[in-house]
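The structure appears below as structure tokens.
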Amino acid sequence: MTTPVPRAGRFGNPEQVAEYVLTTSAKLANDRYHGVGIPYVKFGRKILYSWDAVDAYLEESTVNTTKETA
């Protein structure tokens, strides 16, 4: 079992968010480049993700299957 990512403050940097959503910071950067993925804030050269936006994105991306089990 992995250790949970600490979520101190309202915002996380790409490395923290990547660890939290089980991806890489390069994937987040690629998503930003293509205009998709988790909403972010650009403050100067710094990229920040609101933890509320991360949670909302994950909630919106949840897939519920309607297939019945045998």
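Just so we're on the same page: first chain in the structure tokens is A, next is B, and so on; residues restart at 1 for each chain, and ligands are numbered from 1 in the order they show up.
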
Identify, with DSSP run on backbone atoms, the residues in chain A assigned to alpha helix (DSSP H), and express the list as a PyMOL selection string.
chain A and resi 14-20+25-34+51-60

Which residues are near A:Trp51? Cut-off 12 Å, only C-alpha atoms, ignore same chain within fewer than 6 positions. Put them as a PyMOL selection string.
chain A and resi 5-14+16-18+20-21+38-41+57-58

Go ahead and write the residues just picked, C-alpha atoms, as an mmCIF file, in the first residue's frame.
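See out_18.cif below for the written result:
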```cif
data_model
loop_
_atom_site.group_PDB
_atom_site.id
_atom_site.type_symbol
_atom_site.label_atom_id
_atom_site.label_comp_id
_atom_site.auth_asym_id
_atom_site.auth_seq_id
_atom_site.Cartn_x
_atom_site.Cartn_y
_atom_site.Cartn_z
ATOM 1 C CA VAL A 5 0.033 12.285 -0.955
ATOM 2 C CA PRO A 6 0.015 15.126 1.579
ATOM 3 C CA ARG A 7 -2.476 17.807 0.552
ATOM 4 C CA ALA A 8 -1.327 20.823 2.515
ATOM 5 C CA GLY A 9 -2.964 24.046 1.361
ATOM 6 C CA ARG A 10 -5.455 24.749 -1.425
ATOM 7 C CA PHE A 11 -3.070 24.024 -4.288
ATOM 8 C CA GLY A 12 -0.702 21.284 -5.355
ATOM 9 C CA ASN A 13 2.162 21.390 -7.815
ATOM 10 C CA PRO A 14 2.284 19.077 -10.851
ATOM 11 C CA GLN A 16 2.047 16.246 -6.117
ATOM 12 C CA VAL A 17 -1.013 16.033 -8.359
ATOM 13 C CA ALA A 18 0.637 13.465 -10.649
ATOM 14 C CA TYR A 20 -2.176 11.711 -6.358
ATOM 15 C CA VAL A 21 -3.845 10.728 -9.659
ATOM 16 C CA ILE A 38 -7.350 18.909 -15.010
ATOM 17 C CA PRO A 39 -7.908 22.691 -14.820
ATOM 18 C CA TYR A 40 -4.855 24.570 -13.535
ATOM 19 C CA VAL A 41 -3.681 28.022 -12.503
ATOM 20 C CA TYR A 57 -12.165 16.353 -12.418
ATOM 21 C CA LEU A 58 -11.814 12.841 -10.993
#
```

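Running DSSP on the backbone and keeping only strand (DSSP E or B), the residues of chain A that qualify are Phe11, Gly12, Val41, Lys42, Phe43, Lys46, Ile47, Leu48, Tyr49 and Ser50 of chain A.
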
Which distance in Å separates atom CA of A:Thr65 and atom CA of A:Val36, to one decimal?
23.4 Å

How many Å separate atom CA of A:Leu48 from atom CA of A:Thr62?
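It comes out at 22.6 Å.
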
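In this comparison, which uses only C-alpha atoms, the residue of A:Ala29, A:Glu15, A:Gly37, A:Glu68 approaching A:Ala56 most closely is A:Gly37.
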
So how many Å separate atom CA of A:Asn30 and atom CA of A:Asn64, to one decimal?
26.4 Å
